[in-house]
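File shown here: upload_4.pdb, holding PDB, C-alpha atoms.
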MODEL        1
ATOM      1  CA  MET J 957      85.715 -89.814  55.092
ATOM      2  CA  THR J 958      81.968 -90.199  55.641
ATOM      3  CA  THR J 959      80.247 -88.777  58.704
ATOM      4  CA  ARG J 960      79.433 -92.270  59.979
ATOM      5  CA  TYR J 961      83.020 -93.444  59.574
ATOM      6  CA  TYR J 962      84.251 -90.312  61.354
ATOM      7  CA  TRP J 963      81.953 -90.928  64.317
ATOM      8  CA  ILE J 964      82.888 -94.593  64.554
ATOM      9  CA  THR J 965      86.602 -93.782  64.446
ATOM     10  CA  ALA J 966      86.333 -90.973  66.992
ATOM     11  CA  SER J 967      84.178 -93.063  69.329
ATOM     12  CA  VAL J 968      86.521 -96.048  69.250
ATOM     13  CA  ALA J 969      89.527 -93.794  69.819
ATOM     14  CA  LEU J 970      87.893 -92.125  72.829
ATOM     15  CA  LEU J 971      86.771 -95.453  74.284
ATOM     16  CA  LEU J 972      90.286 -96.871  74.009
ATOM     17  CA  ALA J 973      91.717 -93.676  75.512
ATOM     18  CA  GLY J 974      89.241 -93.937  78.384
ATOM     19  CA  ILE J 975      90.182 -97.554  79.099
ATOM     20  CA  MET J 976      93.883 -96.738  79.063
ATOM     21  CA  SER J 977      93.250 -93.747  81.301
ATOM     22  CA  TYR J 978      91.325 -95.862  83.815
ATOM     23  CA  PHE J 979      94.233 -98.252  84.276
ATOM     24  CA  TYR J 980      97.216 -95.934  83.917
ATOM     25  CA  LEU J 981      96.398 -92.221  84.131
ATOM     26  CA  ASP J 982      93.339 -91.511  86.283
ATOM     27  CA  ILE J 983      94.957 -91.836  89.692
ATOM     28  CA  PRO J 984      98.299 -90.086  89.026
ATOM     29  CA  VAL J 985      96.572 -87.223  87.198
ATOM     30  CA  ALA J 986      94.037 -86.778  90.015
ATOM     31  CA  LEU J 987      96.778 -86.817  92.646
ATOM     32  CA  TRP J 988      98.784 -84.221  90.758
ATOM     33  CA  PHE J 989      95.867 -81.808  90.478
ATOM     34  CA  ASN J 990      94.913 -82.437  94.097
ATOM     35  CA  GLY J 991      98.235 -80.899  95.036
ATOM     36  CA  LEU J 992      97.206 -77.618  93.374
ATOM     37  CA  LYS J 993      94.096 -76.946  95.459
ATOM     38  CA  GLU J 994      95.507 -73.908  97.234
ATOM     39  CA  THR J 995      96.680 -72.200  94.053
ATOM     40  CA  GLY J 996      95.232 -69.607  91.723
ATOM     41  CA  PHE J 997      95.142 -72.280  89.027
ATOM     42  CA  TYR J 998      92.608 -74.266  91.024
ATOM     43  CA  ARG J 999      90.500 -71.215  91.889
ATOM     44  CA  THR J1000      90.363 -70.167  88.235
ATOM     45  CA  PHE J1001      89.063 -73.538  87.085
ATOM     46  CA  LYS J1002      86.687 -73.679  90.059
ATOM     47  CA  LEU J1003      84.948 -70.628  88.594
ATOM     48  CA  LEU J1004      85.229 -71.803  85.005
ATOM     49  CA  THR J1005      83.652 -75.183  85.714
ATOM     50  CA  ARG J1006      80.307 -73.527  86.451
ATOM     51  CA  MET J1007      79.948 -72.913  82.713
ATOM     52  CA  GLY J1008      79.327 -76.637  82.384
ATOM     53  CA  GLU J1009      76.161 -76.554  84.504
ATOM     54  CA  SER J1010      73.232 -77.602  82.378
ATOM     55  CA  GLN J1011      70.551 -75.292  83.759
ATOM     56  CA  TRP J1012      71.888 -72.261  81.866
ATOM     57  CA  TYR J1013      71.554 -73.976  78.492
ATOM     58  CA  LEU J1014      68.299 -75.764  79.248
ATOM     59  CA  ALA J1015      66.677 -72.474  80.225
ATOM     60  CA  ALA J1016      68.091 -70.570  77.246
ATOM     61  CA  GLY J1017      67.087 -73.250  74.783
ATOM     62  CA  LEU J1018      63.573 -73.717  76.138
ATOM     63  CA  LEU J1019      62.861 -69.993  76.393
ATOM     64  CA  SER J1020      64.104 -69.412  72.846
ATOM     65  CA  PHE J1021      61.767 -72.089  71.571
ATOM     66  CA  LEU J1022      58.709 -70.985  73.538
ATOM     67  CA  LEU J1023      59.066 -67.254  72.905
ATOM     68  CA  LEU J1024      60.219 -67.288  69.268
ATOM     69  CA  ARG J1025      58.569 -70.318  67.707
ATOM     70  CA  LYS J1026      56.027 -68.145  65.835
ATOM     71  CA  THR J1027      58.064 -65.049  65.019
ATOM     72  CA  LYS J1028      61.530 -66.548  64.449
ATOM     73  CA  PRO J1029      61.179 -70.283  63.784
ATOM     74  CA  ALA J1030      64.845 -70.764  62.874
ATOM     75  CA  VAL J1031      66.007 -69.358  66.208
ATOM     76  CA  ALA J1032      63.297 -71.327  68.003
ATOM     77  CA  SER J1033      64.435 -74.557  66.356
ATOM     78  CA  THR J1034      67.982 -73.779  67.409
ATOM     79  CA  GLY J1035      66.804 -73.430  70.985
ATOM     80  CA  LEU J1036      64.893 -76.693  70.764
ATOM     81  CA  LEU J1037      67.950 -78.601  69.537
ATOM     82  CA  LEU J1038      70.057 -77.057  72.305
ATOM     83  CA  PHE J1039      67.502 -77.934  74.984
ATOM     84  CA  SER J1040      66.979 -81.457  73.651
ATOM     85  CA  SER J1041      70.670 -82.249  73.335
ATOM     86  CA  VAL J1042      71.580 -81.008  76.805
ATOM     87  CA  ALA J1043      68.589 -82.790  78.332
ATOM     88  CA  LEU J1044      69.299 -86.072  76.544
ATOM     89  CA  SER J1045      72.992 -86.129  77.429
ATOM     90  CA  GLY J1046      72.224 -85.125  81.022
ATOM     91  CA  LEU J1047      69.590 -87.797  81.552
ATOM     92  CA  ALA J1048      71.795 -90.444  79.939
ATOM     93  CA  ALA J1049      74.741 -89.409  82.110
ATOM     94  CA  ASP J1050      72.635 -89.545  85.276
ATOM     95  CA  LEU J1051      71.362 -93.014  84.413
ATOM     96  CA  VAL J1052      74.850 -94.379  83.773
ATOM     97  CA  LYS J1053      76.116 -92.714  86.959
ATOM     98  CA  PHE J1054      73.487 -94.546  88.997
ATOM     99  CA  LEU J1055      73.956 -97.889  87.257
ATOM    100  CA  LEU J1056      77.755 -98.023  87.401
ATOM    101  CA  GLY J1057      78.428 -96.187  90.662
ATOM    102  CA  ARG J1058      81.978 -95.037  90.161
ATOM    103  CA  ALA J1059      83.834 -93.542  93.125
ATOM    104  CA  ARG J1060      84.883 -89.922  92.760
ATOM    105  CA  PRO J1061      88.515 -88.894  93.278
ATOM    106  CA  LYS J1062      87.750 -87.603  96.786
ATOM    107  CA  LEU J1063      87.110 -91.182  97.916
ATOM    108  CA  TYR J1064      90.527 -92.183  96.680
ATOM    109  CA  PHE J1065      92.131 -89.233  98.463
ATOM    110  CA  SER J1066      90.448 -90.053 101.770
ATOM    111  CA  GLU J1067      90.053 -93.849 101.725
ATOM    112  CA  THR J1068      91.988 -95.062  98.630
ATOM    113  CA  ILE J1069      88.700 -96.299  97.136
ATOM    114  CA  TYR J1070      88.901 -96.607  93.360
ATOM    115  CA  GLY J1071      86.593 -98.239  90.849
ATOM    116  CA  PHE J1072      82.938 -99.125  90.442
ATOM    117  CA  ASP J1073      80.202-100.323  92.769
ATOM    118  CA  LEU J1074      76.837-100.680  91.053
ATOM    119  CA  PHE J1075      73.672 -98.737  91.855
ATOM    120  CA  HIS J1076      74.561 -95.648  93.852
ATOM    121  CA  LEU J1077      72.866 -92.276  94.273
ATOM    122  CA  GLU J1078      75.370 -90.708  96.669
ATOM    123  CA  HIS J1079      77.386 -87.835  95.213
ATOM    124  CA  ALA J1080      80.673 -89.527  96.061
ATOM    125  CA  TRP J1081      79.713 -92.535  93.915
ATOM    126  CA  ILE J1082      78.427 -90.900  90.707
ATOM    127  CA  SER J1083      81.639 -89.962  88.949
ATOM    128  CA  PHE J1084      81.217 -91.716  85.595
ATOM    129  CA  PRO J1085      80.570 -90.106  83.166
ATOM    130  CA  SER J1086      81.106 -86.397  83.737
ATOM    131  CA  GLY J1087      77.818 -84.523  83.376
ATOM    132  CA  HIS J1088      79.528 -81.148  82.938
ATOM    133  CA  SER J1089      81.600 -82.543  80.076
ATOM    134  CA  ALA J1090      78.494 -84.017  78.457
ATOM    135  CA  THR J1091      76.754 -80.641  78.681
ATOM    136  CA  ALA J1092      79.731 -78.710  77.300
ATOM    137  CA  PHE J1093      80.133 -80.985  74.301
ATOM    138  CA  SER J1094      76.420 -81.171  73.547
ATOM    139  CA  VAL J1095      76.329 -77.358  73.493
ATOM    140  CA  ALA J1096      79.506 -77.105  71.412
ATOM    141  CA  SER J1097      78.233 -79.703  68.936
ATOM    142  CA  THR J1098      74.945 -77.831  68.538
ATOM    143  CA  LEU J1099      76.802 -74.595  67.839
ATOM    144  CA  CYS J1100      79.081 -76.396  65.383
ATOM    145  CA  VAL J1101      76.068 -77.571  63.385
ATOM    146  CA  LEU J1102      74.839 -73.993  63.120
ATOM    147  CA  PHE J1103      78.186 -72.245  62.684
ATOM    148  CA  PRO J1104      80.673 -74.829  61.347
ATOM    149  CA  GLN J1105      83.245 -72.149  60.544
ATOM    150  CA  TYR J1106      83.774 -71.641  64.284
ATOM    151  CA  ARG J1107      83.876 -75.317  65.284
ATOM    152  CA  ILE J1108      87.475 -75.111  66.517
ATOM    153  CA  VAL J1109      86.533 -72.309  68.919
ATOM    154  CA  PHE J1110      83.471 -74.180  70.187
ATOM    155  CA  PHE J1111      85.301 -77.434  70.780
ATOM    156  CA  LEU J1112      88.220 -75.667  72.460
ATOM    157  CA  TRP J1113      85.708 -74.035  74.811
ATOM    158  CA  ALA J1114      84.081 -77.397  75.542
ATOM    159  CA  THR J1115      87.474 -79.013  76.093
ATOM    160  CA  LEU J1116      88.351 -76.292  78.591
ATOM    161  CA  ILE J1117      85.131 -76.934  80.524
ATOM    162  CA  ALA J1118      85.753 -80.676  80.498
ATOM    163  CA  PHE J1119      89.343 -80.149  81.626
ATOM    164  CA  SER J1120      88.092 -78.051  84.539
ATOM    165  CA  ARG J1121      86.423 -81.163  85.988
ATOM    166  CA  VAL J1122      89.798 -82.882  86.168
ATOM    167  CA  ALA J1123      91.600 -79.737  87.323
ATOM    168  CA  THR J1124      89.179 -79.358  90.248
ATOM    169  CA  THR J1125      89.423 -83.115  91.028
ATOM    170  CA  GLN J1126      85.692 -83.614  90.677
ATOM    171  CA  HIS J1127      86.222 -86.309  88.069
ATOM    172  CA  TYR J1128      88.860 -88.620  86.679
ATOM    173  CA  LEU J1129      90.182 -88.150  83.164
ATOM    174  CA  SER J1130      88.279 -91.198  81.900
ATOM    175  CA  ASP J1131      85.020 -89.734  83.290
ATOM    176  CA  VAL J1132      85.594 -86.613  81.232
ATOM    177  CA  LEU J1133      86.407 -88.518  78.050
ATOM    178  CA  ALA J1134      83.210 -90.553  78.379
ATOM    179  CA  GLY J1135      81.093 -87.490  79.149
ATOM    180  CA  SER J1136      82.511 -85.588  76.185
ATOM    181  CA  LEU J1137      81.697 -88.447  73.825
ATOM    182  CA  LEU J1138      78.191 -88.724  75.273
ATOM    183  CA  GLY J1139      77.504 -85.026  74.782
ATOM    184  CA  ALA J1140      78.679 -84.932  71.176
ATOM    185  CA  ALA J1141      76.870 -88.173  70.343
ATOM    186  CA  SER J1142      73.605 -86.838  71.790
ATOM    187  CA  THR J1143      73.668 -83.825  69.496
ATOM    188  CA  ALA J1144      74.648 -85.929  66.484
ATOM    189  CA  PHE J1145      71.782 -88.358  67.120
ATOM    190  CA  LEU J1146      69.151 -85.650  67.530
ATOM    191  CA  TYR J1147      70.406 -83.641  64.577
ATOM    192  CA  HIS J1148      70.401 -86.535  62.125
ATOM    193  CA  ARG J1149      67.204 -88.060  63.473
ATOM    194  CA  TYR J1150      65.022 -84.972  63.919
ATOM    195  CA  PHE J1151      66.640 -81.687  62.850
ATOM    196  CA  LYS J1152      68.224 -82.363  59.481
ATOM    197  CA  THR J1153      65.029 -82.693  57.448
ATOM    198  CA  PRO J1154      63.896 -79.821  55.207
ATOM    199  CA  SER J1155      60.772 -79.397  57.356
ATOM    200  CA  HIS J1156      62.957 -77.798  60.050
ATOM    201  CA  ALA J1157      64.191 -74.245  59.642
ATOM    202  CA  LEU J1158      67.212 -74.900  61.834
ATOM    203  CA  ILE J1159      69.882 -76.027  59.388
ATOM    204  CA  PRO J1160      70.735 -73.991  56.283
ATOM    205  CA  SER J1161      70.577 -76.091  53.130
ATOM    206  CA  LYS J1162      74.287 -75.566  52.413
ATOM    207  CA  ILE J1163      75.133 -77.411  55.650
ATOM    208  CA  ARG J1164      72.797 -80.380  55.074
TER
ENDMDL
END
Let me see the file written as structure tokens.
Amino acid sequence: MTTRYYWITASVALLLAGIMSYFYLDIPVALWFNGLKETGFYRTFKLLTRMGESQWYLAAGLLSFLLLRKTKPAVASTGLLLFSSVALSGLAADLVKFLLGRARPKLYFSETIYGFDLFHLEHAWISFPSGHSATAFSVASTLCVLFPQYRIVFFLWATLIAFSRVATTQHYLSDVLAGSLLGAASTAFLYHRYFKTPSHALIPSKIR
């Protein structure tokens, strides 16, 4: 299976899963997790979800590039890919959030509002896609390019972060699926477009 065929297959599968989730799973799943808000389960994922905040990875990536670009170019290039991927997926997610204006689960809990209403900036109306999920999967995908032998660990970590957004009822399941695809796709685009060429010290030749 070629890389392009893999990406097309995975993308179509996730898109279909997201559509099915929107119509059949989003509301019942959100309601179920909303009933766990006073439990240790909820508090655990409330802490864990902070690992999906983009500022940690943007800062780490940018600092690595700026401080090590002359002494350790391979590490610096790694930081640049990390920064670029997280920034690209975050900006794309924010743009789609504004354009589509999807109501967050809390609006369904309080007013039974569900669906999309275009062009919103209010927090309650920027649910789709999940920015935390996009960040987690852009980071995991970057690490997978560098250390493919640990890709299962990286993607399990990203999946856990994405799941935390559903577990804390900040997003619907379909939001998380879309954000995860966006994050992985951002890294794949940047890697193949800018970081795979021999002029970059980032990727060992055996991985190219």
Problem set entry | Residues within 7 Å of Phe1001 (chain J), only C-alpha atoms, excluding chain neighbours under 6 positions, as a list in words | Ser1120, Ala1123 and Thr1124 of chain J
Save the residues we just selected, C-alpha atoms, as a PDB file, keeping the file's coordinate frame?
ATOM      1  CA  SER J1120      88.092 -78.051  84.539  1.00  0.00           C
ATOM      2  CA  ALA J1123      91.600 -79.737  87.323  1.00  0.00           C
ATOM      3  CA  THR J1124      89.179 -79.358  90.248  1.00  0.00           C
TER       4      THR J1124
END
Exercise. In Å, with one decimal, what is the gap from CA of Phe1093 (chain J) to CA of Ala1118 (chain J)?
Worked result: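 About the pair CA of Phe1093 (chain J) and CA of Ala1118 (chain J): they are 8.4 Å apart.
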Exercise. In Å, how far is it from CA of Phe1021 (chain J) to CA of Leu1116 (chain J)?
Worked result: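 These two atoms are separated by 27.8 Å.
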Exercise. Quick one: distance from CA of Ser977 (chain J) to CA of Cys1100 (chain J) in Å, one decimal?
Worked result: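 These atoms are spaced 27.5 Å apart.
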Exercise. Near Ser1033 (chain J), within 12 Å and counting all atoms listed in the file, which residues show up once chain neighbours fewer than 3 positions away are dropped, as a count of residues only?
Worked result: 31
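Take the candidates J:Leu1129, J:Val1042, J:Leu1003, J:Ile1082 and check each one against Gly1057 (chain J) using all atoms listed in the file; the shortest distance goes to J:Ile1082.
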Exercise. Which one is closest to Ala966 (chain J): J:Thr1068, J:Ser1136, J:Ser1089, J:Asn990? Count only C-alpha atoms.
Worked result: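 The closest residue to Ala966 (chain J) is J:Ser1136.
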For region 1036-1066 of chain J, where the input has fewer atoms than it should, I would like N, CA and C atoms rebuilt and written as a PDB file, in the frame of the given file.
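out06.pdb was written with the following content:
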ATOM      1  N   LEU J1036      65.430 -75.363  70.496  1.00  0.00           N
ATOM      2  CA  LEU J1036      64.893 -76.693  70.764  1.00  0.00           C
ATOM      3  C   LEU J1036      65.976 -77.766  70.652  1.00  0.00           C
ATOM      4  N   LEU J1037      66.847 -77.651  69.658  1.00  0.00           N
ATOM      5  CA  LEU J1037      67.950 -78.601  69.537  1.00  0.00           C
ATOM      6  C   LEU J1037      68.889 -78.492  70.734  1.00  0.00           C
ATOM      7  N   LEU J1038      69.184 -77.261  71.150  1.00  0.00           N
ATOM      8  CA  LEU J1038      70.057 -77.057  72.305  1.00  0.00           C
ATOM      9  C   LEU J1038      69.443 -77.680  73.559  1.00  0.00           C
ATOM     10  N   PHE J1039      68.182 -77.377  73.815  1.00  0.00           N
ATOM     11  CA  PHE J1039      67.502 -77.934  74.984  1.00  0.00           C
ATOM     12  C   PHE J1039      67.480 -79.464  74.930  1.00  0.00           C
ATOM     13  N   SER J1040      67.116 -80.008  73.791  1.00  0.00           N
ATOM     14  CA  SER J1040      66.979 -81.457  73.651  1.00  0.00           C
ATOM     15  C   SER J1040      68.311 -82.166  73.831  1.00  0.00           C
ATOM     16  N   SER J1041      69.360 -81.615  73.253  1.00  0.00           N
ATOM     17  CA  SER J1041      70.670 -82.249  73.335  1.00  0.00           C
ATOM     18  C   SER J1041      71.213 -82.247  74.758  1.00  0.00           C
ATOM     19  N   VAL J1042      71.099 -81.099  75.425  1.00  0.00           N
ATOM     20  CA  VAL J1042      71.580 -81.008  76.805  1.00  0.00           C
ATOM     21  C   VAL J1042      70.755 -81.908  77.717  1.00  0.00           C
ATOM     22  N   ALA J1043      69.449 -81.939  77.503  1.00  0.00           N
ATOM     23  CA  ALA J1043      68.589 -82.790  78.332  1.00  0.00           C
ATOM     24  C   ALA J1043      68.893 -84.265  78.109  1.00  0.00           C
ATOM     25  N   LEU J1044      69.031 -84.667  76.848  1.00  0.00           N
ATOM     26  CA  LEU J1044      69.299 -86.072  76.544  1.00  0.00           C
ATOM     27  C   LEU J1044      70.633 -86.525  77.120  1.00  0.00           C
ATOM     28  N   SER J1045      71.673 -85.742  76.915  1.00  0.00           N
ATOM     29  CA  SER J1045      72.992 -86.129  77.429  1.00  0.00           C
ATOM     30  C   SER J1045      73.007 -86.129  78.951  1.00  0.00           C
ATOM     31  N   GLY J1046      72.278 -85.182  79.561  1.00  0.00           N
ATOM     32  CA  GLY J1046      72.224 -85.125  81.022  1.00  0.00           C
ATOM     33  C   GLY J1046      71.490 -86.310  81.625  1.00  0.00           C
ATOM     34  N   LEU J1047      70.347 -86.657  81.048  1.00  0.00           N
ATOM     35  CA  LEU J1047      69.590 -87.797  81.552  1.00  0.00           C
ATOM     36  C   LEU J1047      70.360 -89.101  81.356  1.00  0.00           C
ATOM     37  N   ALA J1048      71.001 -89.240  80.194  1.00  0.00           N
ATOM     38  CA  ALA J1048      71.795 -90.444  79.939  1.00  0.00           C
ATOM     39  C   ALA J1048      72.962 -90.541  80.911  1.00  0.00           C
ATOM     40  N   ALA J1049      73.623 -89.409  81.167  1.00  0.00           N
ATOM     41  CA  ALA J1049      74.741 -89.409  82.110  1.00  0.00           C
ATOM     42  C   ALA J1049      74.279 -89.785  83.507  1.00  0.00           C
ATOM     43  N   ASP J1050      73.146 -89.235  83.940  1.00  0.00           N
ATOM     44  CA  ASP J1050      72.635 -89.545  85.276  1.00  0.00           C
ATOM     45  C   ASP J1050      72.275 -91.028  85.415  1.00  0.00           C
ATOM     46  N   LEU J1051      71.716 -91.601  84.370  1.00  0.00           N
ATOM     47  CA  LEU J1051      71.362 -93.014  84.413  1.00  0.00           C
ATOM     48  C   LEU J1051      72.598 -93.893  84.533  1.00  0.00           C
ATOM     49  N   VAL J1052      73.610 -93.590  83.726  1.00  0.00           N
ATOM     50  CA  VAL J1052      74.850 -94.379  83.773  1.00  0.00           C
ATOM     51  C   VAL J1052      75.542 -94.197  85.116  1.00  0.00           C
ATOM     52  N   LYS J1053      75.518 -92.971  85.643  1.00  0.00           N
ATOM     53  CA  LYS J1053      76.116 -92.714  86.959  1.00  0.00           C
ATOM     54  C   LYS J1053      75.511 -93.637  88.012  1.00  0.00           C
ATOM     55  N   PHE J1054      74.180 -93.713  88.018  1.00  0.00           N
ATOM     56  CA  PHE J1054      73.487 -94.546  88.997  1.00  0.00           C
ATOM     57  C   PHE J1054      73.795 -96.029  88.790  1.00  0.00           C
ATOM     58  N   LEU J1055      73.753 -96.471  87.546  1.00  0.00           N
ATOM     59  CA  LEU J1055      73.956 -97.889  87.257  1.00  0.00           C
ATOM     60  C   LEU J1055      75.362 -98.360  87.596  1.00  0.00           C
ATOM     61  N   LEU J1056      76.366 -97.574  87.237  1.00  0.00           N
ATOM     62  CA  LEU J1056      77.755 -98.023  87.401  1.00  0.00           C
ATOM     63  C   LEU J1056      78.348 -97.670  88.755  1.00  0.00           C
ATOM     64  N   GLY J1057      77.960 -96.552  89.327  1.00  0.00           N
ATOM     65  CA  GLY J1057      78.428 -96.187  90.662  1.00  0.00           C
ATOM     66  C   GLY J1057      79.934 -96.091  90.794  1.00  0.00           C
ATOM     67  N   ARG J1058      80.526 -95.182  90.060  1.00  0.00           N
ATOM     68  CA  ARG J1058      81.978 -95.037  90.161  1.00  0.00           C
ATOM     69  C   ARG J1058      82.364 -94.045  91.253  1.00  0.00           C
ATOM     70  N   ALA J1059      83.361 -94.404  92.043  1.00  0.00           N
ATOM     71  CA  ALA J1059      83.834 -93.542  93.125  1.00  0.00           C
ATOM     72  C   ALA J1059      84.520 -92.304  92.566  1.00  0.00           C
ATOM     73  N   ARG J1060      84.215 -91.160  93.143  1.00  0.00           N
ATOM     74  CA  ARG J1060      84.883 -89.922  92.760  1.00  0.00           C
ATOM     75  C   ARG J1060      86.302 -89.887  93.333  1.00  0.00           C
ATOM     76  N   PRO J1061      87.137 -88.998  92.773  1.00  0.00           N
ATOM     77  CA  PRO J1061      88.515 -88.894  93.278  1.00  0.00           C
ATOM     78  C   PRO J1061      88.615 -88.643  94.773  1.00  0.00           C
ATOM     79  N   LYS J1062      87.653 -87.906  95.356  1.00  0.00           N
ATOM     80  CA  LYS J1062      87.750 -87.603  96.786  1.00  0.00           C
ATOM     81  C   LYS J1062      87.724 -88.867  97.645  1.00  0.00           C
ATOM     82  N   LEU J1063      87.097 -89.924  97.169  1.00  0.00           N
ATOM     83  CA  LEU J1063      87.110 -91.182  97.916  1.00  0.00           C
ATOM     84  C   LEU J1063      88.476 -91.853  97.849  1.00  0.00           C
ATOM     85  N   TYR J1064      89.168 -91.640  96.753  1.00  0.00           N
ATOM     86  CA  TYR J1064      90.527 -92.183  96.680  1.00  0.00           C
ATOM     87  C   TYR J1064      91.456 -91.385  97.590  1.00  0.00           C
ATOM     88  N   PHE J1065      91.284 -90.066  97.614  1.00  0.00           N
ATOM     89  CA  PHE J1065      92.131 -89.233  98.463  1.00  0.00           C
ATOM     90  C   PHE J1065      91.957 -89.562  99.945  1.00  0.00           C
ATOM     91  N   SER J1066      90.725 -89.850 100.350  1.00  0.00           N
ATOM     92  CA  SER J1066      90.448 -90.053 101.770  1.00  0.00           C
ATOM     93  C   SER J1066      90.534 -91.512 102.209  1.00  0.00           C
TER      94      SER J1066
END
